[in-house]
Each structure stands twice: as structure tokens, then as C-alpha cells.
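Heads up, the thing below is written out as C-alpha cells.
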Amino acid sequence: MEKQYTLIHDTENNRYAFDLGDGARAFIDYVASPQGYLLTHTEVPPAFEGQGIARQLVEATLGEFRRRGERIIPQCSYIIHFIRRNPEWSSLLPDGYRPEAF
């Protein structure tokens with residue numbers, strides 16, 4: 001069973017993150033725009049790769065945007081591929097944006 005992390009919204013740095021312990025963080029950076037939130041970068045420290053943390057972080061972050069009724073524009077390749085593989089999240093994209101177009 002994979003470890004569950006709590007989503008942290010770091011508004012000062014425009015970032016959603018997981019505290020992985022001992023100062024390590026996995027995060028997604030974003031930039032607000034009139035069309036939605038540009039999700040620009042996802043990062044998991046190398047020591048934590050391969051544990052499903054990026055997937056869990058993306059799901060938690062997208063869930064937060066869905067809860068708030070916000071739109072997203074993925075620019076990070078990991079998030080683009082994630083939405084292609086999980087089209088149930090494509091409802092967060094602005095009208096006219098489709099994951100296959102990225």
C-alpha cells in the first residue's frame with residue numbers, strides 16, 4: 001500500500017506540494033492566467049521516484065482545482081500524459097482544449 005500525503009497549497013510560491021519528510025518536497029508549479037491555471041512543472045526528488053508520488057500529487061492537485069471549479073492548462077509533459085491516460089480529468093480543460101492536442 002502506498003503512503004498517502006497531504007496536499008499543501010504554497011500560495012507564496014504558486015505551488016502545490018507534498019511534504020515527503022526530512023525537508024524533501026514533491027511539487028507542481030502553476031501560473032494563474034485568464035484562461036485557467038497553467039501547470040508548468042512537476043517534480044519529485046530522485047530518491048522518491050517510482051513510488052507513485054507524482055501520480056498521487058497530480059490527482060490531488062487536479063482534485064483541488066475541480067473542487068474550486070477552476071480550469072487548468074497543462075504545460076508540464078507529465079500532466080499532459082496523465083490527462084491523456086485519464087480522460088476523466090479533461091473536464092478541467094478550457095473549452096476547445098483537448099489533451100490529444102498537446
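We name chains A, B, ... following the order of the C-alpha cells; residues begin at 1 in each chain, and ligands are numbered from 1 as shown.
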
*Could you pull out the residues in chain A that DSSP calls helix (DSSP H, G or I) from the backbone, as a PyMOL selection string?*
chain A and resi 11-13+46-48+53-68+77-85+87-92+99-101

*Residues within 9 Å of Gln56 of chain A, only C-alpha atoms, excluding chain neighbours under 4 positions, as an NGL selection string*: :A and (4-5 or 52 or 60-61)

May I have the selected residues written with all heavy atoms, as a compact mmCIF listing (two decimals), in the first residue's frame?
```
# COMPACT_ATOMS: atom_id res chain seq x y z
N GLN A 4 0.14 7.79 1.82
CA GLN A 4 -0.72 8.91 1.45
C GLN A 4 -0.14 10.20 2.01
O GLN A 4 0.30 10.24 3.16
CB GLN A 4 -2.13 8.70 1.99
CG GLN A 4 -2.82 7.47 1.42
CD GLN A 4 -3.06 7.59 -0.07
OE1 GLN A 4 -3.64 8.55 -0.55
NE2 GLN A 4 -2.59 6.60 -0.82
N TYR A 5 -0.15 11.24 1.20
CA TYR A 5 0.38 12.54 1.60
C TYR A 5 -0.74 13.57 1.60
O TYR A 5 -1.74 13.42 0.91
CB TYR A 5 1.49 12.99 0.65
CG TYR A 5 2.68 12.06 0.65
CD1 TYR A 5 2.80 11.05 -0.29
CD2 TYR A 5 3.68 12.20 1.61
CE1 TYR A 5 3.89 10.20 -0.28
CE2 TYR A 5 4.77 11.36 1.62
CZ TYR A 5 4.87 10.36 0.68
OH TYR A 5 5.94 9.51 0.69
N GLY A 52 4.94 6.26 -7.13
CA GLY A 52 3.59 6.72 -7.39
C GLY A 52 3.29 8.09 -6.81
O GLY A 52 2.14 8.52 -6.80
N ALA A 60 -4.30 14.75 -6.59
CA ALA A 60 -4.71 15.64 -5.50
C ALA A 60 -4.83 17.08 -5.98
O ALA A 60 -5.79 17.79 -5.63
CB ALA A 60 -3.72 15.55 -4.34
N THR A 61 -3.87 17.52 -6.79
CA THR A 61 -3.88 18.90 -7.30
C THR A 61 -5.06 19.12 -8.24
O THR A 61 -5.80 20.10 -8.11
CB THR A 61 -2.56 19.22 -8.00
OG1 THR A 61 -1.48 19.07 -7.06
CG2 THR A 61 -2.55 20.64 -8.55
```

_Expected answer as a PyMOL selection string: strand (DSSP E) residues in chain A_ = chain A and resi 7-10+15-21+24-33+36-43+72-74

Go ahead and write the residues just picked, N, CA and C atoms, as a compact mmCIF listing (two decimals), in the first residue's frame.
```
# COMPACT_ATOMS: atom_id res chain seq x y z
N LEU A 7 -2.00 17.31 0.66
CA LEU A 7 -1.70 18.37 -0.29
C LEU A 7 -1.54 19.70 0.44
N ILE A 8 -0.46 20.40 0.11
CA ILE A 8 -0.15 21.71 0.68
C ILE A 8 -0.24 22.73 -0.45
N HIS A 9 -0.99 23.81 -0.23
CA HIS A 9 -1.04 24.89 -1.22
C HIS A 9 -0.10 25.99 -0.75
N ASP A 10 1.03 26.10 -1.40
CA ASP A 10 2.04 27.10 -1.10
C ASP A 10 1.77 28.31 -1.99
N ARG A 15 2.50 27.08 -5.88
CA ARG A 15 2.90 25.68 -5.92
C ARG A 15 1.96 24.83 -5.04
N TYR A 16 1.67 23.64 -5.54
CA TYR A 16 1.03 22.60 -4.73
C TYR A 16 2.12 21.58 -4.43
N ALA A 17 2.13 21.07 -3.20
CA ALA A 17 3.24 20.21 -2.80
C ALA A 17 2.80 19.12 -1.83
N PHE A 18 3.66 18.12 -1.73
CA PHE A 18 3.60 17.11 -0.68
C PHE A 18 4.89 17.24 0.12
N ASP A 19 4.77 17.23 1.44
CA ASP A 19 5.94 17.15 2.31
C ASP A 19 6.28 15.67 2.43
N LEU A 20 7.45 15.29 1.93
CA LEU A 20 7.86 13.89 1.92
C LEU A 20 8.70 13.51 3.13
N GLY A 21 8.97 14.50 3.98
CA GLY A 21 9.78 14.26 5.17
C GLY A 21 11.22 14.69 4.98
N ALA A 24 12.26 17.16 2.19
CA ALA A 24 12.01 16.85 0.78
C ALA A 24 10.56 17.16 0.42
N ARG A 25 10.36 17.71 -0.76
CA ARG A 25 9.01 18.01 -1.25
C ARG A 25 8.87 17.62 -2.70
N ALA A 26 7.72 17.08 -3.03
CA ALA A 26 7.31 16.91 -4.42
C ALA A 26 6.36 18.08 -4.69
N PHE A 27 6.39 18.62 -5.92
CA PHE A 27 5.56 19.79 -6.16
C PHE A 27 5.13 19.94 -7.61
N ILE A 28 4.09 20.75 -7.77
CA ILE A 28 3.60 21.21 -9.08
C ILE A 28 3.57 22.72 -9.02
N ASP A 29 4.26 23.36 -9.97
CA ASP A 29 4.24 24.82 -10.08
C ASP A 29 3.10 25.25 -11.01
N TYR A 30 2.53 26.40 -10.72
CA TYR A 30 1.46 26.93 -11.57
C TYR A 30 1.59 28.44 -11.74
N VAL A 31 0.93 28.94 -12.79
CA VAL A 31 0.82 30.36 -13.05
C VAL A 31 -0.64 30.64 -13.37
N ALA A 32 -1.24 31.61 -12.70
CA ALA A 32 -2.63 31.97 -12.98
C ALA A 32 -2.69 32.75 -14.29
N SER A 33 -3.71 32.46 -15.10
CA SER A 33 -3.95 33.19 -16.35
C SER A 33 -5.46 33.36 -16.50
N GLY A 36 -7.17 30.03 -17.26
CA GLY A 36 -7.07 28.98 -16.26
C GLY A 36 -5.68 28.97 -15.66
N TYR A 37 -5.40 27.97 -14.88
CA TYR A 37 -4.10 27.85 -14.24
C TYR A 37 -3.16 27.03 -15.12
N LEU A 38 -2.05 27.64 -15.51
CA LEU A 38 -1.04 26.95 -16.29
C LEU A 38 -0.23 26.08 -15.33
N LEU A 39 -0.27 24.77 -15.52
CA LEU A 39 0.51 23.85 -14.69
C LEU A 39 1.82 23.62 -15.43
N THR A 40 2.87 24.25 -14.93
CA THR A 40 4.11 24.37 -15.69
C THR A 40 5.17 23.32 -15.40
N HIS A 41 5.16 22.74 -14.20
CA HIS A 41 6.27 21.85 -13.84
C HIS A 41 5.85 20.93 -12.70
N THR A 42 6.21 19.66 -12.82
CA THR A 42 6.02 18.68 -11.75
C THR A 42 7.39 18.12 -11.41
N GLU A 43 7.66 18.02 -10.10
CA GLU A 43 8.96 17.48 -9.70
C GLU A 43 8.83 16.61 -8.47
N ILE A 72 -7.69 24.30 -15.85
CA ILE A 72 -6.24 24.14 -15.91
C ILE A 72 -5.79 24.05 -17.36
N ILE A 73 -4.56 24.48 -17.60
CA ILE A 73 -3.93 24.33 -18.90
C ILE A 73 -2.58 23.65 -18.64
N PRO A 74 -2.51 22.36 -18.90
CA PRO A 74 -1.25 21.66 -18.62
C PRO A 74 -0.16 22.04 -19.60
```

*If you count only C-alpha atoms, which residues fall within 10 Å of Glu70 of chain A, apart from same-chain ones fewer than 4 positions away, as JSON, numbers by chain?*
{"A": [35, 36, 37, 62, 64, 65, 66, 92, 93, 94]}

Save the residues we just selected, all heavy atoms, as a CSV table (one decimal), in the first residue's frame?
```csv
chain,number,residue,atom,x,y,z
A,35,GLN,N,-7.3,32.3,-18.8
A,35,GLN,CA,-8.0,31.1,-19.3
A,35,GLN,C,-8.0,29.9,-18.3
A,35,GLN,O,-8.7,29.0,-18.5
A,35,GLN,CB,-7.2,30.6,-20.6
A,35,GLN,CG,-7.3,31.5,-21.8
A,35,GLN,CD,-6.3,32.7,-21.6
A,35,GLN,OE1,-5.3,32.6,-21.0
A,35,GLN,NE2,-6.6,33.8,-22.3
A,36,GLY,N,-7.2,30.0,-17.3
A,36,GLY,CA,-7.1,29.0,-16.3
A,36,GLY,C,-5.7,29.0,-15.7
A,36,GLY,O,-4.9,29.9,-15.9
A,37,TYR,N,-5.4,28.0,-14.9
A,37,TYR,CA,-4.1,27.8,-14.2
A,37,TYR,C,-3.2,27.0,-15.1
A,37,TYR,O,-3.5,25.9,-15.5
A,37,TYR,CB,-4.2,27.2,-12.9
A,37,TYR,CG,-4.8,28.1,-11.9
A,37,TYR,CD1,-6.2,28.3,-11.7
A,37,TYR,CD2,-4.0,28.9,-11.1
A,37,TYR,CE1,-6.8,29.1,-10.8
A,37,TYR,CE2,-4.6,29.8,-10.1
A,37,TYR,CZ,-6.0,29.9,-10.0
A,37,TYR,OH,-6.5,30.8,-9.1
A,62,LEU,N,-5.3,18.2,-9.2
A,62,LEU,CA,-6.4,18.3,-10.1
A,62,LEU,C,-7.7,18.3,-9.3
A,62,LEU,O,-8.7,19.0,-9.6
A,62,LEU,CB,-6.4,17.3,-11.2
A,62,LEU,CG,-5.2,17.3,-12.1
A,62,LEU,CD1,-5.3,16.3,-13.2
A,62,LEU,CD2,-5.0,18.7,-12.7
A,64,GLU,N,-8.2,19.4,-6.3
A,64,GLU,CA,-8.4,20.7,-5.7
A,64,GLU,C,-8.9,21.7,-6.7
A,64,GLU,O,-9.8,22.5,-6.4
A,64,GLU,CB,-7.1,21.2,-5.1
A,64,GLU,CG,-7.1,22.5,-4.5
A,64,GLU,CD,-8.1,22.6,-3.3
A,64,GLU,OE1,-8.5,21.6,-2.7
A,64,GLU,OE2,-8.4,23.8,-2.9
A,65,PHE,N,-8.4,21.7,-7.9
A,65,PHE,CA,-8.9,22.6,-9.0
A,65,PHE,C,-10.4,22.3,-9.3
A,65,PHE,O,-11.2,23.2,-9.5
A,65,PHE,CB,-8.1,22.6,-10.2
A,65,PHE,CG,-6.8,23.3,-10.1
A,65,PHE,CD1,-5.6,22.7,-10.1
A,65,PHE,CD2,-6.8,24.7,-10.0
A,65,PHE,CE1,-4.4,23.4,-10.0
A,65,PHE,CE2,-5.6,25.4,-9.8
A,65,PHE,CZ,-4.4,24.8,-9.8
A,66,ARG,N,-10.7,21.0,-9.4
A,66,ARG,CA,-12.1,20.6,-9.7
A,66,ARG,C,-13.0,21.0,-8.5
A,66,ARG,O,-14.1,21.6,-8.8
A,66,ARG,CB,-12.2,19.1,-9.8
A,66,ARG,CG,-13.6,18.6,-10.1
A,66,ARG,CD,-13.6,17.1,-10.3
A,66,ARG,NE,-13.2,16.8,-11.6
A,66,ARG,CZ,-12.9,15.6,-12.1
A,66,ARG,NH1,-12.8,14.6,-11.2
A,66,ARG,NH2,-12.6,15.4,-13.3
A,92,LEU,N,-11.5,19.6,-16.8
A,92,LEU,CA,-10.9,20.7,-16.2
A,92,LEU,C,-10.2,21.7,-17.3
A,92,LEU,O,-9.9,22.8,-17.0
A,92,LEU,CB,-9.8,20.3,-15.2
A,92,LEU,CG,-10.2,19.6,-14.0
A,92,LEU,CD1,-9.0,19.1,-13.2
A,92,LEU,CD2,-11.1,20.4,-13.2
A,93,LEU,N,-10.1,21.2,-18.5
A,93,LEU,CA,-9.5,22.0,-19.5
A,93,LEU,C,-10.5,23.0,-20.1
A,93,LEU,O,-11.7,22.7,-20.1
A,93,LEU,CB,-9.1,21.1,-20.7
A,93,LEU,CG,-8.1,20.0,-20.4
A,93,LEU,CD1,-7.9,19.0,-21.5
A,93,LEU,CD2,-6.8,20.6,-19.9
A,94,PRO,N,-10.0,24.2,-20.4
A,94,PRO,CA,-11.0,25.2,-21.0
A,94,PRO,C,-11.6,24.7,-22.3
A,94,PRO,O,-11.1,23.8,-22.9
A,94,PRO,CB,-10.0,26.4,-21.3
A,94,PRO,CG,-8.8,26.2,-20.5
A,94,PRO,CD,-8.7,24.7,-20.4
```

*Taking only C-alpha atoms into account, which of A:Ala47, A:Val58, A:Asn14, A:Ile53 comes nearest Ile80 of chain A?*
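Answer, going by the shortest atom-to-atom distance: A:Val58.
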
*With only C-alpha atoms as the atoms that count, which of A:Thr6, A:Gly50, A:Arg71, A:Gly23 lies nearest to Asp95 of chain A?*
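Result for the nearest residue to Asp95 of chain A: A:Arg71.
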
*asked:* For a quick check of understanding, using only C-alpha atoms, which of A:Gly96, A:Gly69, A:Phe82, A:Glu88 has the smallest distance to Ala54 of chain A?
replied: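 Smallest separation from Ala54 of chain A among the options: A:Phe82.
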
_Length of the atom CA of Asn86 of chain A to atom CA of Arg55 of chain A vector [Å]_ = 10.8 Å
